[in-house]
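> File name target.cif; file contents mmCIF, C-alpha atoms (C1' of nucleotides); full text below.
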```cif
data_protein
loop_
_atom_site.group_PDB
_atom_site.id
_atom_site.type_symbol
_atom_site.label_atom_id
_atom_site.label_comp_id
_atom_site.auth_asym_id
_atom_site.auth_seq_id
_atom_site.Cartn_x
_atom_site.Cartn_y
_atom_site.Cartn_z
ATOM 1 C CA MET A 1437 151.920 66.886 95.024
ATOM 2 C CA THR A 1438 150.192 64.961 92.290
ATOM 3 C CA ILE A 1439 148.499 61.670 92.885
ATOM 4 C CA GLY A 1440 151.341 60.020 91.005
ATOM 5 C CA GLU A 1441 153.964 61.401 93.378
ATOM 6 C CA VAL A 1442 151.941 60.439 96.415
ATOM 7 C CA SER A 1443 151.348 56.932 95.134
ATOM 8 C CA GLU A 1444 155.097 56.637 94.559
ATOM 9 C CA LYS A 1445 155.900 57.989 98.009
ATOM 10 C CA PHE A 1446 153.580 55.618 99.832
ATOM 11 C CA GLN A 1447 153.919 52.670 97.494
ATOM 12 C CA MET A 1448 150.276 52.355 96.699
ATOM 13 C CA THR A 1449 148.467 52.777 93.422
ATOM 14 C CA ALA A 1450 146.784 56.014 92.385
ATOM 15 C CA ASP A 1451 143.605 53.990 92.029
ATOM 16 C CA THR A 1452 143.730 53.013 95.663
ATOM 17 C CA LEU A 1453 144.219 56.630 96.696
ATOM 18 C CA ARG A 1454 141.224 57.724 94.639
ATOM 19 C CA TYR A 1455 139.243 54.837 96.043
ATOM 20 C CA TYR A 1456 140.152 55.851 99.598
ATOM 21 C CA GLU A 1457 139.020 59.394 98.959
ATOM 22 C CA ARG A 1458 135.831 58.261 97.296
ATOM 23 C CA ILE A 1459 134.703 56.128 100.192
ATOM 24 C CA GLY A 1460 135.715 58.753 102.754
ATOM 25 C CA LEU A 1461 138.726 56.980 104.175
ATOM 26 C CA ILE A 1462 140.705 60.152 103.688
ATOM 27 C CA PRO A 1463 139.125 63.612 103.577
ATOM 28 C CA PRO A 1464 138.567 65.238 100.172
ATOM 29 C CA VAL A 1465 141.918 66.085 98.635
ATOM 30 C CA PRO A 1466 142.412 69.712 97.532
ATOM 31 C CA ARG A 1467 142.214 70.270 93.777
ATOM 32 C CA LYS A 1468 143.803 72.601 91.325
ATOM 33 C CA LYS A 1469 141.488 74.773 89.223
ATOM 34 C CA ASN A 1470 141.291 72.073 86.590
ATOM 35 C CA GLY A 1471 140.067 69.502 89.099
ATOM 36 C CA ILE A 1472 143.335 67.646 89.423
ATOM 37 C CA ARG A 1473 144.216 66.503 92.915
ATOM 38 C CA ASP A 1474 146.949 68.502 94.619
ATOM 39 C CA PHE A 1475 147.927 66.732 97.835
ATOM 40 C CA ASP A 1476 149.113 69.090 100.563
ATOM 41 C CA GLU A 1477 150.964 68.071 103.713
ATOM 42 C CA GLN A 1478 147.751 67.435 105.580
ATOM 43 C CA ALA A 1479 146.448 65.155 102.857
ATOM 44 C CA CYS A 1480 149.745 63.266 102.812
ATOM 45 C CA LYS A 1481 149.601 62.794 106.562
ATOM 46 C CA TRP A 1482 146.183 61.294 106.154
ATOM 47 C CA VAL A 1483 147.433 58.894 103.563
ATOM 48 C CA GLY A 1484 150.301 57.874 105.822
ATOM 49 C CA PHE A 1485 147.986 57.402 108.768
ATOM 50 C CA VAL A 1486 145.475 55.341 106.861
ATOM 51 C CA LYS A 1487 148.182 53.265 105.252
ATOM 52 C CA CYS A 1488 149.630 52.463 108.660
ATOM 53 C CA MET A 1489 146.238 51.567 110.130
ATOM 54 C CA ARG A 1490 145.251 49.432 107.162
ATOM 55 C CA ALA A 1491 148.567 47.592 107.217
ATOM 56 C CA SER A 1492 147.614 46.414 110.684
ATOM 57 C CA GLY A 1493 144.117 45.494 109.677
ATOM 58 C CA VAL A 1494 142.159 48.327 111.276
ATOM 59 C CA GLN A 1495 138.732 48.140 109.702
ATOM 60 C CA ILE A 1496 137.895 50.573 106.952
ATOM 61 C CA GLU A 1497 134.530 51.224 108.512
ATOM 62 C CA ALA A 1498 136.031 52.432 111.781
ATOM 63 C CA LEU A 1499 138.418 54.684 109.906
ATOM 64 C CA ILE A 1500 135.613 56.118 107.807
ATOM 65 C CA GLU A 1501 133.649 56.999 110.916
ATOM 66 C CA TYR A 1502 136.745 58.540 112.443
ATOM 67 C CA VAL A 1503 137.494 60.645 109.373
ATOM 68 C CA SER A 1504 133.900 61.732 109.057
ATOM 69 C CA LEU A 1505 133.732 62.917 112.678
ATOM 70 C CA LEU A 1506 137.034 64.703 112.390
ATOM 71 C CA GLN A 1507 135.855 66.561 109.302
ATOM 72 C CA LYS A 1508 132.684 67.640 110.998
ATOM 73 C CA GLY A 1509 134.813 68.631 113.965
ATOM 74 C CA THR A 1510 132.457 66.812 116.305
ATOM 75 C CA GLY A 1511 132.458 63.779 118.517
ATOM 76 C CA ILE A 1512 135.827 64.199 120.193
ATOM 77 C CA GLU A 1513 134.923 61.601 122.786
ATOM 78 C CA ARG A 1514 133.637 59.183 120.175
ATOM 79 C CA ARG A 1515 136.770 59.655 118.111
ATOM 80 C CA LYS A 1516 138.981 58.850 121.035
ATOM 81 C CA GLN A 1517 136.813 55.850 121.762
ATOM 82 C CA ILE A 1518 137.270 54.609 118.210
ATOM 83 C CA LEU A 1519 141.012 54.778 118.618
ATOM 84 C CA ILE A 1520 140.839 52.966 121.927
ATOM 85 C CA GLU A 1521 138.620 50.247 120.494
ATOM 86 C CA GLN A 1522 140.867 49.690 117.548
ATOM 87 C CA ARG A 1523 143.932 49.610 119.751
ATOM 88 C CA ALA A 1524 142.287 46.886 121.815
ATOM 89 C CA ARG A 1525 141.592 44.920 118.657
ATOM 90 C CA LEU A 1526 145.177 45.215 117.582
ATOM 91 C CA GLN A 1527 146.467 44.200 120.992
ATOM 92 C CA ASN A 1528 144.315 41.129 120.791
ATOM 93 C CA GLN A 1529 145.599 40.371 117.355
ATOM 94 C CA ALA A 1530 149.180 40.809 118.598
ATOM 95 C CA GLU A 1531 148.527 38.263 121.298
ATOM 96 C CA THR A 1532 147.047 35.812 118.799
ATOM 97 C CA LEU A 1533 150.080 36.279 116.594
ATOM 98 C CA ARG A 1534 152.399 35.665 119.513
ATOM 99 C CA THR A 1535 150.869 32.295 120.295
ATOM 100 C CA THR A 1536 150.798 31.263 116.653
ATOM 101 C CA ILE A 1537 154.445 32.181 116.232
ATOM 102 C CA GLU A 1538 155.283 30.141 119.306
ATOM 103 C CA ARG A 1539 153.446 27.195 117.862
ATOM 104 C CA LEU A 1540 155.344 27.537 114.613
ATOM 105 C CA ASP A 1541 158.620 27.865 116.511
ATOM 106 C CA TYR A 1542 157.940 24.618 118.261
ATOM 107 C CA LYS A 1543 157.020 22.789 115.083
ATOM 108 C CA ILE A 1544 160.041 24.105 113.256
ATOM 109 C CA ASP A 1545 162.394 23.159 116.061
ATOM 110 C CA HIS A 1546 160.989 19.649 116.288
ATOM 111 C CA TYR A 1547 160.322 19.120 112.639
ATOM 112 C CA GLU A 1548 162.419 16.069 112.056
ATOM 113 C CA GLU A 1549 160.706 14.154 114.845
ATOM 114 C CA MET A 1550 157.209 14.865 113.620
ATOM 115 C CA PHE A 1551 155.468 12.807 111.011
ATOM 116 C CA LYS A 1552 151.951 13.101 109.791
ATOM 117 C CA GLN A 1553 151.308 15.502 112.591
ATOM 118 C CA PRO A 1554 149.568 18.732 111.814
ATOM 119 C CA MET B 722 133.152 13.001 116.667
ATOM 120 C CA THR B 723 130.502 14.389 114.408
ATOM 121 C CA ILE B 724 130.935 17.568 112.473
ATOM 122 C CA GLY B 725 128.469 19.214 114.814
ATOM 123 C CA GLU B 726 130.549 18.395 117.862
ATOM 124 C CA VAL B 727 133.705 19.552 116.200
ATOM 125 C CA SER B 728 132.129 22.802 115.075
ATOM 126 C CA GLU B 729 130.970 23.347 118.645
ATOM 127 C CA LYS B 730 134.386 22.525 120.067
ATOM 128 C CA PHE B 731 136.244 24.896 117.790
ATOM 129 C CA GLN B 732 133.558 27.516 117.487
ATOM 130 C CA MET B 733 133.293 27.394 113.746
ATOM 131 C CA THR B 734 130.386 26.383 111.560
ATOM 132 C CA ALA B 735 130.016 22.913 110.090
ATOM 133 C CA ASP B 736 129.899 24.604 106.708
ATOM 134 C CA THR B 737 133.337 26.057 107.236
ATOM 135 C CA LEU B 738 134.710 22.671 108.236
ATOM 136 C CA ARG B 739 133.278 21.054 105.107
ATOM 137 C CA TYR B 740 134.633 23.918 103.083
ATOM 138 C CA TYR B 741 138.099 23.445 104.595
ATOM 139 C CA GLU B 742 138.071 19.778 103.763
ATOM 140 C CA ARG B 743 136.795 20.397 100.256
ATOM 141 C CA ILE B 744 139.587 22.793 99.372
ATOM 142 C CA GLY B 745 142.224 20.605 101.011
ATOM 143 C CA LEU B 746 142.945 22.813 103.990
ATOM 144 C CA ILE B 747 142.511 19.786 106.170
ATOM 145 C CA PRO B 748 143.050 16.219 104.957
ATOM 146 C CA PRO B 749 140.009 14.119 104.078
ATOM 147 C CA VAL B 750 138.093 13.379 107.241
ATOM 148 C CA PRO B 751 137.357 9.699 107.965
ATOM 149 C CA ARG B 752 133.760 8.667 107.266
ATOM 150 C CA LYS B 753 131.386 6.180 108.720
ATOM 151 C CA LYS B 754 129.929 3.595 106.362
ATOM 152 C CA ASN B 755 127.053 5.914 105.573
ATOM 153 C CA GLY B 756 129.404 8.632 104.432
ATOM 154 C CA ILE B 757 129.031 10.795 107.500
ATOM 155 C CA ARG B 758 132.208 12.434 108.744
ATOM 156 C CA ASP B 759 133.663 10.929 111.889
ATOM 157 C CA PHE B 760 136.450 13.169 113.121
ATOM 158 C CA ASP B 761 139.197 11.293 114.930
ATOM 159 C CA GLU B 762 141.875 12.865 117.109
ATOM 160 C CA GLN B 763 144.139 13.450 114.148
ATOM 161 C CA ALA B 764 141.398 15.239 112.235
ATOM 162 C CA CYS B 765 140.615 17.381 115.266
ATOM 163 C CA LYS B 766 144.254 18.326 115.615
ATOM 164 C CA TRP B 767 144.237 19.459 112.026
ATOM 165 C CA VAL B 768 141.212 21.602 112.639
ATOM 166 C CA GLY B 769 142.864 23.158 115.671
ATOM 167 C CA PHE B 770 146.059 23.795 113.777
ATOM 168 C CA VAL B 771 144.350 25.368 110.811
ATOM 169 C CA LYS B 772 142.111 27.457 112.998
ATOM 170 C CA CYS B 773 145.120 28.794 114.859
ATOM 171 C CA MET B 774 146.999 29.577 111.664
ATOM 172 C CA ARG B 775 144.026 31.225 110.013
ATOM 173 C CA ALA B 776 143.338 33.359 113.069
ATOM 174 C CA SER B 777 146.770 34.870 112.527
ATOM 175 C CA GLY B 778 146.211 35.326 108.839
ATOM 176 C CA VAL B 779 148.395 32.554 107.458
ATOM 177 C CA GLN B 780 147.368 32.230 103.836
ATOM 178 C CA ILE B 781 145.094 29.413 102.888
ATOM 179 C CA GLU B 782 147.227 28.664 99.859
ATOM 180 C CA ALA B 783 150.326 28.004 101.955
ATOM 181 C CA LEU B 784 148.358 25.752 104.259
ATOM 182 C CA ILE B 785 146.909 23.830 101.346
ATOM 183 C CA GLU B 786 150.364 23.162 99.982
ATOM 184 C CA TYR B 787 151.539 22.091 103.417
ATOM 185 C CA VAL B 788 148.641 19.712 103.908
ATOM 186 C CA SER B 789 149.028 18.276 100.456
ATOM 187 C CA LEU B 790 152.730 17.540 100.942
ATOM 188 C CA LEU B 791 152.136 16.030 104.330
ATOM 189 C CA GLN B 792 149.493 13.712 102.919
ATOM 190 C CA LYS B 793 151.774 12.560 100.171
ATOM 191 C CA GLY B 794 154.458 12.129 102.804
ATOM 192 C CA THR B 795 156.925 14.021 100.649
ATOM 193 C CA GLY B 796 158.732 17.305 100.674
ATOM 194 C CA ILE B 797 159.897 17.382 104.265
ATOM 195 C CA GLU B 798 162.300 20.187 103.503
ATOM 196 C CA ARG B 799 159.706 22.133 101.595
ATOM 197 C CA ARG B 800 157.220 21.669 104.397
ATOM 198 C CA LYS B 801 159.649 23.029 106.928
ATOM 199 C CA GLN B 802 160.387 25.896 104.594
ATOM 200 C CA ILE B 803 156.692 26.736 104.382
ATOM 201 C CA LEU B 804 156.505 26.927 108.146
ATOM 202 C CA ILE B 805 159.602 29.114 108.258
ATOM 203 C CA GLU B 806 158.262 31.423 105.575
ATOM 204 C CA GLN B 807 154.949 31.816 107.287
ATOM 205 C CA ARG B 808 156.625 32.438 110.616
ATOM 206 C CA ALA B 809 158.628 35.222 109.010
ATOM 207 C CA ARG B 810 155.453 36.732 107.631
ATOM 208 C CA LEU B 811 153.833 36.640 111.041
ATOM 209 C CA GLN B 812 156.891 38.152 112.697
ATOM 210 C CA ASN B 813 156.719 40.974 110.201
ATOM 211 C CA GLN B 814 153.076 41.418 110.883
ATOM 212 C CA ALA B 815 153.747 41.475 114.621
ATOM 213 C CA GLU B 816 156.282 44.243 114.114
ATOM 214 C CA THR B 817 153.828 46.248 111.999
ATOM 215 C CA LEU B 818 151.219 45.832 114.681
ATOM 216 C CA ARG B 819 153.651 46.995 117.327
ATOM 217 C CA THR B 820 154.359 50.263 115.556
ATOM 218 C CA THR B 821 150.692 50.864 114.819
ATOM 219 C CA ILE B 822 149.767 50.270 118.432
ATOM 220 C CA GLU B 823 152.469 52.716 119.475
ATOM 221 C CA ARG B 824 151.080 55.273 117.111
ATOM 222 C CA LEU B 825 147.609 54.782 118.514
ATOM 223 C CA ASP B 826 148.984 54.999 122.060
ATOM 224 C CA TYR B 827 150.516 58.336 121.252
ATOM 225 C CA LYS B 828 147.379 59.698 119.666
ATOM 226 C CA ILE B 829 145.207 58.504 122.502
ATOM 227 C CA ASP B 830 147.506 60.002 125.128
ATOM 228 C CA HIS B 831 147.634 63.343 123.363
ATOM 229 C CA TYR B 832 144.118 63.410 122.082
ATOM 230 C CA GLU B 833 142.924 66.586 123.690
ATOM 231 C CA GLU B 834 145.787 68.616 122.191
ATOM 232 C CA MET B 835 145.208 67.404 118.653
ATOM 233 C CA PHE B 836 142.747 68.979 116.316
ATOM 234 C CA LYS B 837 142.147 68.214 112.698
ATOM 235 C CA GLN B 838 145.247 66.066 112.751
ATOM 236 C CA PRO B 839 145.028 62.602 111.325
ATOM 237 C "C1'" DT C 6 148.876 70.885 65.150
ATOM 238 C "C1'" DC C 7 149.128 66.667 66.803
ATOM 239 C "C1'" DT C 8 150.037 63.449 70.045
ATOM 240 C "C1'" DT C 9 151.532 61.843 74.452
ATOM 241 C "C1'" DG C 10 150.803 61.096 79.105
ATOM 242 C "C1'" DA C 11 148.835 62.158 83.455
ATOM 243 C "C1'" DC C 12 144.661 63.012 85.227
ATOM 244 C "C1'" DT C 13 139.248 62.855 85.759
ATOM 245 C "C1'" DT C 14 134.653 60.141 86.824
ATOM 246 C "C1'" DG C 15 131.589 56.250 87.232
ATOM 247 C "C1'" DA C 16 130.783 51.624 86.716
ATOM 248 C "C1'" DA C 17 131.917 47.018 86.285
ATOM 249 C "C1'" DG C 18 135.173 43.228 87.447
ATOM 250 C "C1'" DT C 19 138.257 40.447 90.582
ATOM 251 C "C1'" DT C 20 139.977 37.938 94.559
ATOM 252 C "C1'" DT C 21 139.637 35.847 98.983
ATOM 253 C "C1'" DG C 22 137.253 33.394 102.161
ATOM 254 C "C1'" DC C 23 133.558 31.912 103.471
ATOM 255 C "C1'" DT C 24 128.064 31.308 103.512
ATOM 256 C "C1'" DT C 25 123.696 29.986 101.866
ATOM 257 C "C1'" DG C 26 120.357 27.403 99.371
ATOM 258 C "C1'" DA C 27 118.407 23.423 97.030
ATOM 259 C "C1'" DG C 28 117.550 18.947 97.148
ATOM 260 C "C1'" DC C 29 118.822 14.698 98.995
ATOM 261 C "C1'" DT C 30 119.605 10.563 102.783
ATOM 262 C "C1'" DG C 31 119.279 8.239 106.948
ATOM 263 C "C1'" DA C 32 118.537 7.960 112.062
ATOM 264 C "C1'" DT C 33 115.836 9.023 116.033
ATOM 265 C "C1'" DA C 34 111.772 10.693 118.923
ATOM 266 C "C1'" DA C 35 106.581 11.531 119.665
ATOM 267 C "C1'" DT D 788 104.737 6.597 111.194
ATOM 268 C "C1'" DT D 789 105.548 10.843 110.447
ATOM 269 C "C1'" DA D 790 108.292 14.533 111.187
ATOM 270 C "C1'" DT D 791 112.312 16.484 112.526
ATOM 271 C "C1'" DC D 792 116.973 16.429 112.938
ATOM 272 C "C1'" DA D 793 121.883 16.181 111.506
ATOM 273 C "C1'" DG D 794 124.349 15.304 107.819
ATOM 274 C "C1'" DC D 795 125.532 15.027 102.727
ATOM 275 C "C1'" DT D 796 126.923 17.342 97.883
ATOM 276 C "C1'" DC D 797 127.083 20.766 94.550
ATOM 277 C "C1'" DA D 798 126.484 25.229 93.057
ATOM 278 C "C1'" DA D 799 125.438 29.758 93.571
ATOM 279 C "C1'" DG D 800 125.760 33.920 96.428
ATOM 280 C "C1'" DC D 801 127.969 37.444 99.302
ATOM 281 C "C1'" DA D 802 131.085 41.016 101.610
ATOM 282 C "C1'" DA D 803 135.350 43.409 101.778
ATOM 283 C "C1'" DA D 804 138.753 45.757 99.566
ATOM 284 C "C1'" DC D 805 140.514 46.835 95.991
ATOM 285 C "C1'" DT D 806 141.410 46.918 90.573
ATOM 286 C "C1'" DT D 807 140.378 47.647 85.955
ATOM 287 C "C1'" DC D 808 137.926 49.641 82.223
ATOM 288 C "C1'" DA D 809 135.642 53.044 79.307
ATOM 289 C "C1'" DA D 810 135.327 57.432 77.918
ATOM 290 C "C1'" DG D 811 136.677 61.797 78.373
ATOM 291 C "C1'" DT D 812 139.706 66.386 79.766
ATOM 292 C "C1'" DC D 813 143.753 69.016 79.726
ATOM 293 C "C1'" DA D 814 148.584 70.772 79.372
ATOM 294 C "C1'" DA D 815 152.942 70.489 77.323
ATOM 295 C "C1'" DG D 816 156.429 69.116 74.014
ATOM 296 C "C1'" DA D 817 158.064 67.711 68.861
#
```
Take the structure from the file and write it as structure tokens.

Amino acid sequence: MTIGEVSEKFQMTADTLRYYERIGLIPPVPRKKNGIRDFDEQACKWVGFVKCMRASGVQIEALIEYVSLLQKGTGIERRKQILIEQRARLQNQAETLRTTIERLDYKIDHYEEMFKQP
Amino acid sequence: MTIGEVSEKFQMTADTLRYYERIGLIPPVPRKKNGIRDFDEQACKWVGFVKCMRASGVQIEALIEYVSLLQKGTGIERRKQILIEQRARLQNQAETLRTTIERLDYKIDHYEEMFKQP
DNA sequence: TCTTGACTTGAAGTTTGCTTGAGCTGATAA
DNA sequence: TTATCAGCTCAAGCAAACTTCAAGTCAAGA
């Protein structure tokens, strides 16, 4: 698959995909003889994974470390730990969201009665 | 309350509070004769509200519009609509988080079996 | 053959959301 | 009384995460 097709498939720009590869957020993408990127299934899976993680705000830095370890084939324990850490962060964030949504619910339900109140 | 006390109470720097006021994220804070900010209960509530919203990623722009309307005392319907819009965004975000956490759960549970997989 | 369009790299630019610094005032403590 | 806070404003600076630009390559169609 060309970068154009992949960017279409995942709804992100080709520039972002190149940027992700450049900074090591996805492993190097296979190339054709002429140097043009030729995304295989593996590469696409990476894009999907990273897109999902980024959509939830997982830090780029953590993902870069994860990708780098996976490429070297080392640090299984560390890799798992990264996933566990990030999951904890997301769970926290989910909890924060829950309370904020509740607060908004309350304000919306009582809107007419509230004046000048934050 | 002084800005120092408020920054302590909400665990954010005085600089951030001044910044929030400057850009209109919170209404102008009352001042003492000498120009020093003197946060009253209302002002503190605003800080708490904005901090909560920002922690969940509500956009500053939306909050600025909300604050500005509330100060002018106009646009009740619009204000409510802003809250509803932002709630929808957060609900979306919560759903995204849920699926990402699930994905991480799965990977963590099956980590030993997975090699070279994103 | 020429040109069109997708691709390449590397570097510079942009946006968001603070953060820091410079230079000031005014109140309090040794 | 001096010095040390806490606060003030305004402007510049910074980090993250892209985004855009400049300059070039390459393959395919009219």
> May I ask for the distance between atom CA of A:Thr1510 and atom CA of A:Leu1453, given in Å to one decimal place?
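Calculated distance between atom CA of A:Thr1510 and atom CA of A:Leu1453 is 25.0 Å.
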> Can you list every residue of chain B that has an atom at most 9 Å from chain D, with its nearest atom pair and the distance in Å to one decimal, using only C-alpha atoms (C1' of nucleotides), ordered by chain then number, as a tab-separated table?

```
residue	atom	partner	partner_atom	distance
B:Ile724	CA	D:DG794	C1'	8.4
B:Gly725	CA	D:DA793	C1'	8.0
B:Gly756	CA	D:DC795	C1'	7.7
B:Ile757	CA	D:DG794	C1'	6.5
B:Arg758	CA	D:DG794	C1'	8.4
```
> Could you list, as a compact mmCIF listing (two decimals) with C-alpha atoms (C1' of nucleotides), in the frame of the given file, every residue matched by the PyMOL selection byres ((chain A and resi 1496) around 10) in this structure?

```txt
# COMPACT_ATOMS: atom_id res chain seq x y z
CA TYR A 1456 140.15 55.85 99.60
CA ILE A 1459 134.70 56.13 100.19
CA GLY A 1460 135.72 58.75 102.75
CA LEU A 1461 138.73 56.98 104.18
CA VAL A 1486 145.48 55.34 106.86
CA MET A 1489 146.24 51.57 110.13
CA ARG A 1490 145.25 49.43 107.16
CA GLY A 1493 144.12 45.49 109.68
CA VAL A 1494 142.16 48.33 111.28
CA GLN A 1495 138.73 48.14 109.70
CA GLU A 1497 134.53 51.22 108.51
CA ALA A 1498 136.03 52.43 111.78
CA LEU A 1499 138.42 54.68 109.91
CA ILE A 1500 135.61 56.12 107.81
CA GLU A 1501 133.65 57.00 110.92
CA TYR A 1502 136.74 58.54 112.44
C1' DA D 803 135.35 43.41 101.78
C1' DA D 804 138.75 45.76 99.57
```
> Between atom CA of B:Lys766 and atom CA of B:Leu818, what distance in Å does the model show, to one decimal?
28.4 Å
> So how many Å separate atom CA of A:Lys1543 and atom CA of B:Leu804, to one decimal?
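Here the two named atoms are 8.1 Å from each other.
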> If you fit chain B onto chain A using every C-alpha atom, paired in order, what RMSD in Å do you get?
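After superposition, the RMSD is 0.1 Å.
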> Residues of chain A within 7 Å of chain B, counting only C-alpha atoms - could you list those as a count of residues only?
21
> With the PyMOL selection byres ((chain B) within 9 of (chain C)) as the selection, what would be picked from this file? Answer as a compact mmCIF listing (two decimals) with C-alpha atoms, in the coordinates of the input, please.

```
# COMPACT_ATOMS: atom_id res chain seq x y z
CA ASP B 736 129.90 24.60 106.71
CA THR B 737 133.34 26.06 107.24
CA TYR B 740 134.63 23.92 103.08
CA ASN B 755 127.05 5.91 105.57
CA ILE B 781 145.09 29.41 102.89
```
> Around all of stretch 816-827 of chain B's listed atoms, make the axis-aligned box with 5 Å on each side and tell me centre and edge lengths in Å to one decimal, as lines of an AutoDock Vina configuration file.

```
center_x = 151.9
center_y = 51.3
center_z = 117.0
size_x = 18.7
size_y = 24.1
size_z = 20.1
```
